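The data block below is run_2.cif; it holds mmCIF, C-alpha atoms.
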```cif
data_query
#
loop_
_atom_site.label_atom_id
_atom_site.label_comp_id
_atom_site.auth_asym_id
_atom_site.auth_seq_id
_atom_site.Cartn_x
_atom_site.Cartn_y
_atom_site.Cartn_z
CA MET A 15 111.38 59.74 165.45
CA SER A 16 112.90 59.71 161.96
CA ARG A 17 115.61 57.35 160.79
CA SER A 18 118.01 60.27 160.51
CA ASP A 19 117.40 61.06 164.19
CA ASP A 20 117.99 57.41 165.09
CA LYS A 21 121.31 57.54 163.28
CA ARG A 22 122.34 60.82 164.90
CA LEU A 23 121.45 59.45 168.33
CA ASN A 24 123.51 56.30 167.93
CA GLY A 25 125.45 55.83 171.17
CA LEU A 26 123.88 58.90 172.81
CA VAL A 27 120.68 57.30 174.17
CA HIS A 28 120.93 54.88 177.06
CA ARG A 29 117.91 52.79 178.04
CA ASP A 30 119.45 49.52 179.29
CA PRO A 31 120.45 49.52 182.99
CA LYS A 32 122.35 46.28 182.40
CA ALA A 33 124.73 47.97 179.95
CA ARG A 34 127.60 50.31 180.77
CA ILE A 35 127.86 53.73 179.16
CA ASP A 36 131.30 55.09 178.33
CA LEU A 37 131.37 58.90 178.47
CA SER A 38 134.99 58.97 177.32
CA GLY A 39 133.80 57.57 174.00
CA ILE A 40 131.40 60.47 173.40
CA ASP A 41 133.01 63.61 171.97
CA PRO A 42 131.50 66.66 173.75
CA SER A 43 132.51 68.85 170.80
CA SER A 44 130.63 66.75 168.24
CA LYS A 45 127.52 68.21 166.58
CA PRO A 46 125.35 65.35 165.30
CA PHE A 47 122.27 67.58 164.94
CA SER A 48 124.02 70.54 163.32
CA GLN A 49 123.13 71.66 159.81
CA GLY A 50 126.77 72.55 159.29
CA ASP A 51 126.43 76.28 159.83
CA LYS A 52 126.06 78.16 163.13
CA VAL A 53 123.78 80.82 161.67
CA ARG A 54 121.45 78.18 160.26
CA ASP A 55 121.53 76.25 163.52
CA LYS A 56 120.58 79.35 165.53
CA ALA A 57 117.72 80.04 163.13
CA ALA A 58 116.56 76.44 163.52
CA VAL A 59 116.59 76.79 167.32
CA GLU A 60 114.40 79.89 167.07
CA GLN A 61 111.97 78.12 164.76
CA LEU A 62 111.84 75.13 167.10
CA ALA A 63 111.22 77.40 170.09
CA VAL A 64 108.17 78.83 168.30
CA ARG A 65 107.02 75.32 167.41
CA LEU A 66 107.47 74.18 171.03
CA ASP A 67 105.34 77.09 172.17
CA GLU A 68 102.56 75.94 169.84
CA LEU A 69 102.86 72.35 171.09
CA GLN A 70 102.88 73.50 174.70
CA ASN A 71 99.56 75.29 174.16
CA ARG A 72 98.08 72.08 172.79
CA PHE A 73 99.71 70.05 175.59
CA TRP A 74 98.10 72.33 178.18
CA ALA A 75 94.68 72.10 176.54
CA ASP A 76 94.87 68.33 176.00
CA ARG A 77 95.59 67.57 179.69
CA ARG A 78 96.19 63.85 179.14
CA TYR A 79 99.89 64.00 179.91
CA LYS A 80 102.54 65.64 182.05
CA LEU A 81 106.10 66.29 180.86
CA LEU A 82 109.15 66.19 183.12
CA VAL A 83 112.42 67.37 181.57
CA VAL A 84 115.58 66.64 183.55
CA LEU A 85 118.71 68.69 182.79
CA GLN A 86 121.85 67.30 184.40
CA GLY A 87 125.44 68.31 183.84
CA THR A 88 128.58 69.57 185.49
CA ASP A 89 128.96 73.20 186.55
CA ALA A 90 128.77 75.52 183.51
CA SER A 91 127.42 72.80 181.23
CA GLY A 92 124.57 75.05 180.06
CA LYS A 93 121.47 74.17 182.04
CA ASP A 94 120.43 77.82 182.47
CA GLY A 95 121.10 78.55 178.80
CA THR A 96 118.98 75.61 177.74
CA LEU A 97 116.09 76.92 179.81
CA ARG A 98 116.41 80.35 178.24
CA HIS A 99 116.71 79.32 174.58
CA VAL A 100 114.62 76.16 174.38
CA PHE A 101 111.78 76.98 176.78
CA GLY A 102 111.85 80.78 176.70
CA ARG A 103 109.01 81.13 174.19
CA MET A 104 106.57 79.00 176.17
CA SER A 105 103.83 80.43 178.36
CA PRO A 106 104.85 80.56 182.04
CA LEU A 107 101.31 79.45 182.92
CA GLY A 108 102.06 75.88 181.91
CA VAL A 109 105.85 75.64 182.22
CA HIS A 110 107.70 75.56 185.51
CA ALA A 111 111.45 75.49 186.13
CA VAL A 112 112.77 74.06 189.38
CA SER A 113 116.38 74.64 190.41
CA TRP A 114 117.58 72.09 192.96
CA ARG A 115 120.14 72.83 195.62
CA ALA A 116 121.44 70.82 198.58
CA PRO A 117 118.57 69.50 200.70
CA THR A 118 117.56 71.45 203.79
CA GLU A 119 117.61 69.94 207.26
CA ASP A 120 113.87 69.35 207.02
CA GLU A 121 114.28 67.60 203.65
CA ARG A 122 117.15 65.44 204.91
CA ALA A 123 114.86 64.18 207.68
CA ARG A 124 112.78 62.45 204.98
CA ASP A 125 113.54 60.10 202.10
CA PHE A 126 115.60 61.73 199.35
CA LEU A 127 112.76 61.62 196.81
CA TRP A 128 110.19 63.29 199.10
CA ARG A 129 111.02 66.83 198.01
CA ILE A 130 111.25 65.78 194.36
CA HIS A 131 107.80 64.22 194.23
CA GLN A 132 106.22 67.48 195.39
CA ARG A 133 107.47 69.32 192.30
CA VAL A 134 106.65 66.91 189.48
CA PRO A 135 104.23 68.27 186.85
CA ALA A 136 100.45 68.09 187.05
CA ALA A 137 98.27 67.24 184.06
CA GLY A 138 99.00 69.56 181.16
CA GLU A 139 102.13 70.99 182.76
CA ILE A 140 105.75 70.93 181.66
CA THR A 141 108.29 70.98 184.48
CA VAL A 142 112.01 71.40 183.86
CA PHE A 143 114.43 70.30 186.55
CA ASN A 144 117.67 72.33 186.58
CA ARG A 145 119.67 69.61 188.32
CA SER A 146 117.45 67.01 189.93
CA HIS A 147 117.13 63.96 192.17
CA TYR A 148 120.28 62.72 190.47
CA GLU A 149 122.32 65.11 192.61
CA ASP A 150 121.46 62.75 195.49
CA VAL A 151 123.37 59.91 193.85
CA LEU A 152 126.08 62.05 192.27
CA VAL A 153 127.52 64.29 194.98
CA PRO A 154 127.27 61.73 197.82
CA ALA A 155 128.99 59.14 195.61
CA VAL A 156 131.94 61.44 194.89
CA LYS A 157 132.20 62.48 198.54
CA GLY A 158 132.03 58.89 199.75
CA GLN A 159 128.86 59.50 201.76
CA LEU A 160 127.09 56.41 200.41
CA THR A 161 128.25 52.81 200.48
CA PRO A 162 128.11 50.87 197.19
CA ARG A 163 125.05 49.05 198.55
CA GLN A 164 123.28 52.32 199.43
CA LEU A 165 124.11 53.76 196.02
CA LYS A 166 122.72 50.71 194.23
CA GLN A 167 119.59 50.95 196.37
CA ARG A 168 119.07 54.60 195.43
CA PHE A 169 119.47 53.82 191.74
CA ALA A 170 116.74 51.17 192.05
CA GLN A 171 114.49 53.58 193.96
CA ILE A 172 114.91 56.23 191.25
CA ASN A 173 114.03 53.70 188.55
CA ASP A 174 110.90 52.67 190.45
CA PHE A 175 109.95 56.31 191.04
CA GLU A 176 110.30 57.20 187.36
CA ARG A 177 108.42 54.06 186.34
CA MET A 178 105.53 55.13 188.59
CA LEU A 179 105.56 58.60 187.01
CA THR A 180 105.44 57.22 183.47
CA GLU A 181 102.71 54.71 184.36
CA THR A 182 100.54 57.60 185.59
CA GLY A 183 100.89 59.76 182.49
CA THR A 184 104.22 61.56 182.87
CA VAL A 185 106.61 61.63 179.92
CA VAL A 186 110.16 61.76 181.30
CA CYS A 187 112.92 63.24 179.11
CA LYS A 188 116.39 63.16 180.69
CA PHE A 189 119.33 65.06 179.17
CA MET A 190 122.92 64.91 180.37
CA LEU A 191 124.77 67.99 179.05
CA HIS A 192 128.22 66.62 178.25
CA ILE A 193 131.06 69.17 178.10
CA SER A 194 134.81 68.78 178.15
CA SER A 195 137.09 69.79 180.99
CA GLN A 196 138.64 72.42 178.72
CA GLU A 197 135.26 73.95 177.89
CA GLN A 198 134.26 74.05 181.55
CA GLN A 199 137.53 75.82 182.38
CA ARG A 200 136.86 78.42 179.70
CA ARG A 201 133.29 79.07 180.86
CA LEU A 202 134.16 79.28 184.55
CA GLN A 203 137.00 81.69 183.78
CA ALA A 204 134.62 83.81 181.71
CA ARG A 205 132.38 84.13 184.77
CA LEU A 206 135.32 85.27 186.86
CA ASP A 207 136.40 87.78 184.23
CA ASP A 208 132.95 89.39 184.03
CA PRO A 209 131.79 91.12 187.26
CA ALA A 210 128.20 90.88 186.03
CA LYS A 211 128.50 87.08 186.21
CA HIS A 212 130.15 86.79 189.62
CA TRP A 213 126.77 85.94 191.13
CA LYS A 214 126.81 82.71 189.12
CA PHE A 215 130.18 81.65 190.51
CA LEU A 216 130.51 79.57 193.66
CA MET A 217 133.73 78.59 195.35
CA GLU A 218 132.37 75.04 195.48
CA ASP A 219 132.71 75.03 191.68
CA VAL A 220 136.49 75.23 192.08
CA GLU A 221 136.51 72.33 194.53
CA ALA A 222 134.25 70.23 192.33
CA ARG A 223 136.51 70.86 189.34
CA ARG A 224 139.42 69.31 191.24
CA HIS A 225 137.39 66.10 191.22
CA TRP A 226 136.55 66.16 187.51
CA ASP A 227 137.50 62.52 186.91
CA ASP A 228 135.53 61.37 189.95
CA TYR A 229 132.43 63.19 188.77
CA GLN A 230 132.77 61.78 185.26
CA ALA A 231 132.95 58.28 186.74
CA ALA A 232 129.94 59.00 188.97
CA TYR A 233 128.00 60.27 185.96
CA ALA A 234 128.84 57.11 184.03
CA ASP A 235 127.57 55.04 186.94
CA LEU A 236 124.25 56.87 187.26
CA LEU A 237 123.65 57.03 183.52
CA SER A 238 124.34 53.32 183.21
CA ALA A 239 122.13 52.35 186.16
CA THR A 240 119.16 54.64 185.50
CA GLY A 241 118.80 54.67 181.74
CA THR A 242 115.61 52.64 181.34
CA PRO A 243 113.08 51.90 178.60
CA TRP A 244 110.53 54.11 180.38
CA ALA A 245 112.96 56.96 181.18
CA PRO A 246 116.06 56.78 178.97
CA TRP A 247 119.00 59.14 179.18
CA THR A 248 120.19 61.18 176.21
CA VAL A 249 123.78 62.40 176.34
CA VAL A 250 123.95 65.80 174.61
CA PRO A 251 127.37 66.89 173.25
CA ALA A 252 127.33 70.42 174.68
CA ASP A 253 130.65 72.16 174.06
CA SER A 254 128.68 74.09 171.44
CA LYS A 255 125.86 76.02 173.10
CA THR A 256 123.99 76.35 169.83
CA HIS A 257 124.19 72.63 169.12
CA ARG A 258 123.07 71.84 172.66
CA ASN A 259 119.95 73.96 172.21
CA LEU A 260 119.28 72.58 168.74
CA MET A 261 119.55 68.95 169.82
CA ILE A 262 117.36 69.29 172.91
CA ALA A 263 114.74 71.40 171.12
CA THR A 264 114.59 68.90 168.26
CA LEU A 265 114.12 65.92 170.58
CA LEU A 266 111.48 67.66 172.68
CA GLU A 267 109.57 68.65 169.55
CA ARG A 268 109.64 65.01 168.43
CA ALA A 269 108.49 63.82 171.88
CA LEU A 270 105.54 66.21 172.03
CA GLN A 271 104.53 65.61 168.44
CA GLY A 272 104.56 61.87 169.08
CA LEU A 273 101.84 62.26 171.70
CA GLU A 274 99.29 63.17 169.02
CA LEU A 275 97.99 66.07 171.09
CA HIS A 276 94.68 67.65 170.27
CA TYR A 277 92.47 70.45 171.50
CA PRO A 278 89.31 69.33 173.32
CA GLU A 279 86.01 69.82 171.54
CA GLY A 280 84.33 73.10 172.38
CA ASP A 281 80.86 73.62 173.77
CA PRO A 282 78.34 72.84 170.96
CA ALA A 283 76.48 75.98 172.01
CA LEU A 284 79.36 78.05 170.65
CA LYS A 285 78.70 76.94 167.06
CA GLY A 286 77.35 79.84 165.05
CA LEU A 287 77.55 82.25 167.98
CA ARG A 288 78.23 85.85 166.99
CA ILE A 289 79.54 88.52 169.30
CA GLU A 290 77.51 91.74 168.99
#
```
Give the structure from the file, written as structure tokens.
Amino acid sequence: MSRSDDKRLNGLVHRDPKARIDLSGIDPSSKPFSQGDKVRDKAAVEQLAVRLDELQNRFWADRRYKLLVVLQGTDASGKDGTLRHVFGRMSPLGVHAVSWRAPTEDERARDFLWRIHQRVPAAGEITVFNRSHYEDVLVPAVKGQLTPRQLKQRFAQINDFERMLTETGTVVCKFMLHISSQEQQRRLQARLDDPAKHWKFLMEDVEARRHWDDYQAAYADLLSATGTPWAPWTVVPADSKTHRNLMIATLLERALQGLELHYPEGDPALKGLRIE
């Protein structure tokens, strides 16, 4: 990663579970990766999407790694939009999106990471979690369904789980899409005002919004406890949809490029072969 990226990421990357992250000190409307012009930023996102498609082809052929991308954020923070604009150019053969909802009765009968482990990427695959195992330490914490001891235990179990993934070839990129309460209100209202978007609106979103401060505190707790050297968190200022896409696409391009991917050598018998 370049020095300019290091500077732009100052305060946005958390990899020390002994340190406390302060979300109130991160401006969700800031645009550290912007080129200063929305048109230029959109063009850069499109160029990066094409570049990510090229890297994904090489990633698939290389087969030495797996990539797990975690997208977390409050309702209307832009997880679906990120999938569409950042990953939309990639081949569906090697990219999988998983949208997590509340666990079923069968899933609740097992440990909370059981269902998650079944959907992590295989060699050469990129898997994007739209929400994730972090819902199991976020929602229960706000609803008071876990004691402080149980919550601390789950944080430790997540860290061990992600360490195991990274030690067996999985690159874990975790993004928290950070929007303001005002921006969430605007986006939720836009869904209500457009009948074509009513399917995206859930009454639970209204209830969750009443607990905005509680969720922000719960997010600060999980980010602080589970940002590790092997699976750090990046907080993405996401009031601007274009900036959100630009920042995530840029960081994923850097992550993939840093793996020094290569195509495997072809069959020597192919050299000089001509198709008649």
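Near stretch 43-58 of chain A, within a cut-off of 8 Å and counting all atoms listed in the file, sit the residues Arg22, Leu23, Ile193, Ser194, Pro251, Ala252, Asp253, Ser254, Thr256, His257, Leu260 and Met261 of chain A, with same-chain residues fewer than 5 positions away left out.
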Determine the nearest neighbour of A:Val84 from the options A:Pro162, A:Pro278, A:Pro135, A:Pro106, counting all atoms listed in the file.
A:Pro135
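Put simply, the PyMOL selection byres ((chain A and resi 96) around 9) in this file takes in Leu85, Gly92, Lys93, Asp94, Gly95, Leu97, Arg98, His99, Val100, Phe101, Gly102, Lys255, Arg258, Asn259, Ile262 and Ala263 of chain A.
Using all atoms listed in the file, every residue with an atom at most 7 Å from the point (131.3, 71.9, 182.9) is listed here: Gly87, Thr88, Asp89, Ala90, Ser91, Ile193, Ser194, Ser195, Glu197 and Gln198 of chain A.
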Once the PyMOL selection byres ((chain A and resi 246) around 10) has been evaluated on this model, what residues remain selected, and can you format them as an MDAnalysis selection string?
chainID A and resid 27:31 186:189 237:238 240:245 247:249
Keeping only C-alpha atoms, take the residues you just selected and write them out as a CSV table (one decimal), in the frame of the given file.
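And here's again_32.csv as it stands now:
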```
chain,number,residue,atom,x,y,z
A,27,VAL,CA,120.7,57.3,174.2
A,28,HIS,CA,120.9,54.9,177.1
A,29,ARG,CA,117.9,52.8,178.0
A,30,ASP,CA,119.4,49.5,179.3
A,31,PRO,CA,120.4,49.5,183.0
A,186,VAL,CA,110.2,61.8,181.3
A,187,CYS,CA,112.9,63.2,179.1
A,188,LYS,CA,116.4,63.2,180.7
A,189,PHE,CA,119.3,65.1,179.2
A,237,LEU,CA,123.6,57.0,183.5
A,238,SER,CA,124.3,53.3,183.2
A,240,THR,CA,119.2,54.6,185.5
A,241,GLY,CA,118.8,54.7,181.7
A,242,THR,CA,115.6,52.6,181.3
A,243,PRO,CA,113.1,51.9,178.6
A,244,TRP,CA,110.5,54.1,180.4
A,245,ALA,CA,113.0,57.0,181.2
A,247,TRP,CA,119.0,59.1,179.2
A,248,THR,CA,120.2,61.2,176.2
A,249,VAL,CA,123.8,62.4,176.3
```
Tell me which protein, DNA and RNA residues are within 12 Å of A:His131, counting only C-alpha atoms, leaving out same-chain ones fewer than 3 positions away, and put them as an mmCIF file with C-alpha atoms, in the frame of the given file.
```cif
data_model
loop_
_atom_site.group_PDB
_atom_site.id
_atom_site.type_symbol
_atom_site.label_atom_id
_atom_site.label_comp_id
_atom_site.auth_asym_id
_atom_site.auth_seq_id
_atom_site.Cartn_x
_atom_site.Cartn_y
_atom_site.Cartn_z
ATOM 1 C CA LEU A 82 109.150 66.190 183.120
ATOM 2 C CA GLU A 121 114.280 67.600 203.650
ATOM 3 C CA ARG A 124 112.780 62.450 204.980
ATOM 4 C CA ASP A 125 113.540 60.100 202.100
ATOM 5 C CA PHE A 126 115.600 61.730 199.350
ATOM 6 C CA LEU A 127 112.760 61.620 196.810
ATOM 7 C CA TRP A 128 110.190 63.290 199.100
ATOM 8 C CA VAL A 134 106.650 66.910 189.480
ATOM 9 C CA PRO A 135 104.230 68.270 186.850
ATOM 10 C CA ALA A 136 100.450 68.090 187.050
ATOM 11 C CA THR A 141 108.290 70.980 184.480
ATOM 12 C CA PHE A 143 114.430 70.300 186.550
ATOM 13 C CA SER A 146 117.450 67.010 189.930
ATOM 14 C CA HIS A 147 117.130 63.960 192.170
ATOM 15 C CA ILE A 172 114.910 56.230 191.250
ATOM 16 C CA PHE A 175 109.950 56.310 191.040
ATOM 17 C CA GLU A 176 110.300 57.200 187.360
ATOM 18 C CA MET A 178 105.530 55.130 188.590
ATOM 19 C CA LEU A 179 105.560 58.600 187.010
#
```
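For the set A:Lys285, A:Arg34, A:Arg145, A:Lys166, the residue with the smallest atom-to-atom gap to A:Ala234 is A:Arg34, counting only C-alpha atoms.
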Under the PyMOL selection byres ((chain A and resi 265-275) around 8), which residues of this model are included? Write them out as a CSV table (one decimal) with C-alpha atoms, in the frame of the given file.
```
chain,number,residue,atom,x,y,z
A,15,MET,CA,111.4,59.7,165.4
A,62,LEU,CA,111.8,75.1,167.1
A,65,ARG,CA,107.0,75.3,167.4
A,66,LEU,CA,107.5,74.2,171.0
A,69,LEU,CA,102.9,72.4,171.1
A,72,ARG,CA,98.1,72.1,172.8
A,73,PHE,CA,99.7,70.0,175.6
A,76,ASP,CA,94.9,68.3,176.0
A,187,CYS,CA,112.9,63.2,179.1
A,261,MET,CA,119.6,69.0,169.8
A,262,ILE,CA,117.4,69.3,172.9
A,263,ALA,CA,114.7,71.4,171.1
A,264,THR,CA,114.6,68.9,168.3
A,276,HIS,CA,94.7,67.6,170.3
A,277,TYR,CA,92.5,70.4,171.5
```
By how many Å are atom CA of A:Glu139 and atom CA of A:Met104 apart?
11.3 Å
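Distances from A:Asp41, A:Tyr229, A:Leu26, A:Arg78 to A:Gly158 were compared using only C-alpha atoms, and the smallest one belongs to A:Tyr229.
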For a quick check of understanding, using all atoms listed in the file, which of A:Glu149, A:Glu218, A:Asp228, A:Glu181 has the smallest distance to A:Trp114?
A:Glu149
Among A:Glu60, A:Asp120, A:Asp67, A:Asp235, A:Ala33 is approached most closely, using all atoms listed in the file, by A:Asp235
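From atom CA of A:Arg200 back to atom CA of A:Arg115, the distance works out to 23.8 Å.
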Between atom CA of A:Asp281 and atom CA of A:Arg77, measure the distance and give it in Å to one decimal.
17.0 Å
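For the choices A:Ile140, A:Ala283, A:Leu202, A:Leu37, the atom-to-atom distance to A:Arg223 is smallest for A:Leu202 when using all atoms listed in the file.
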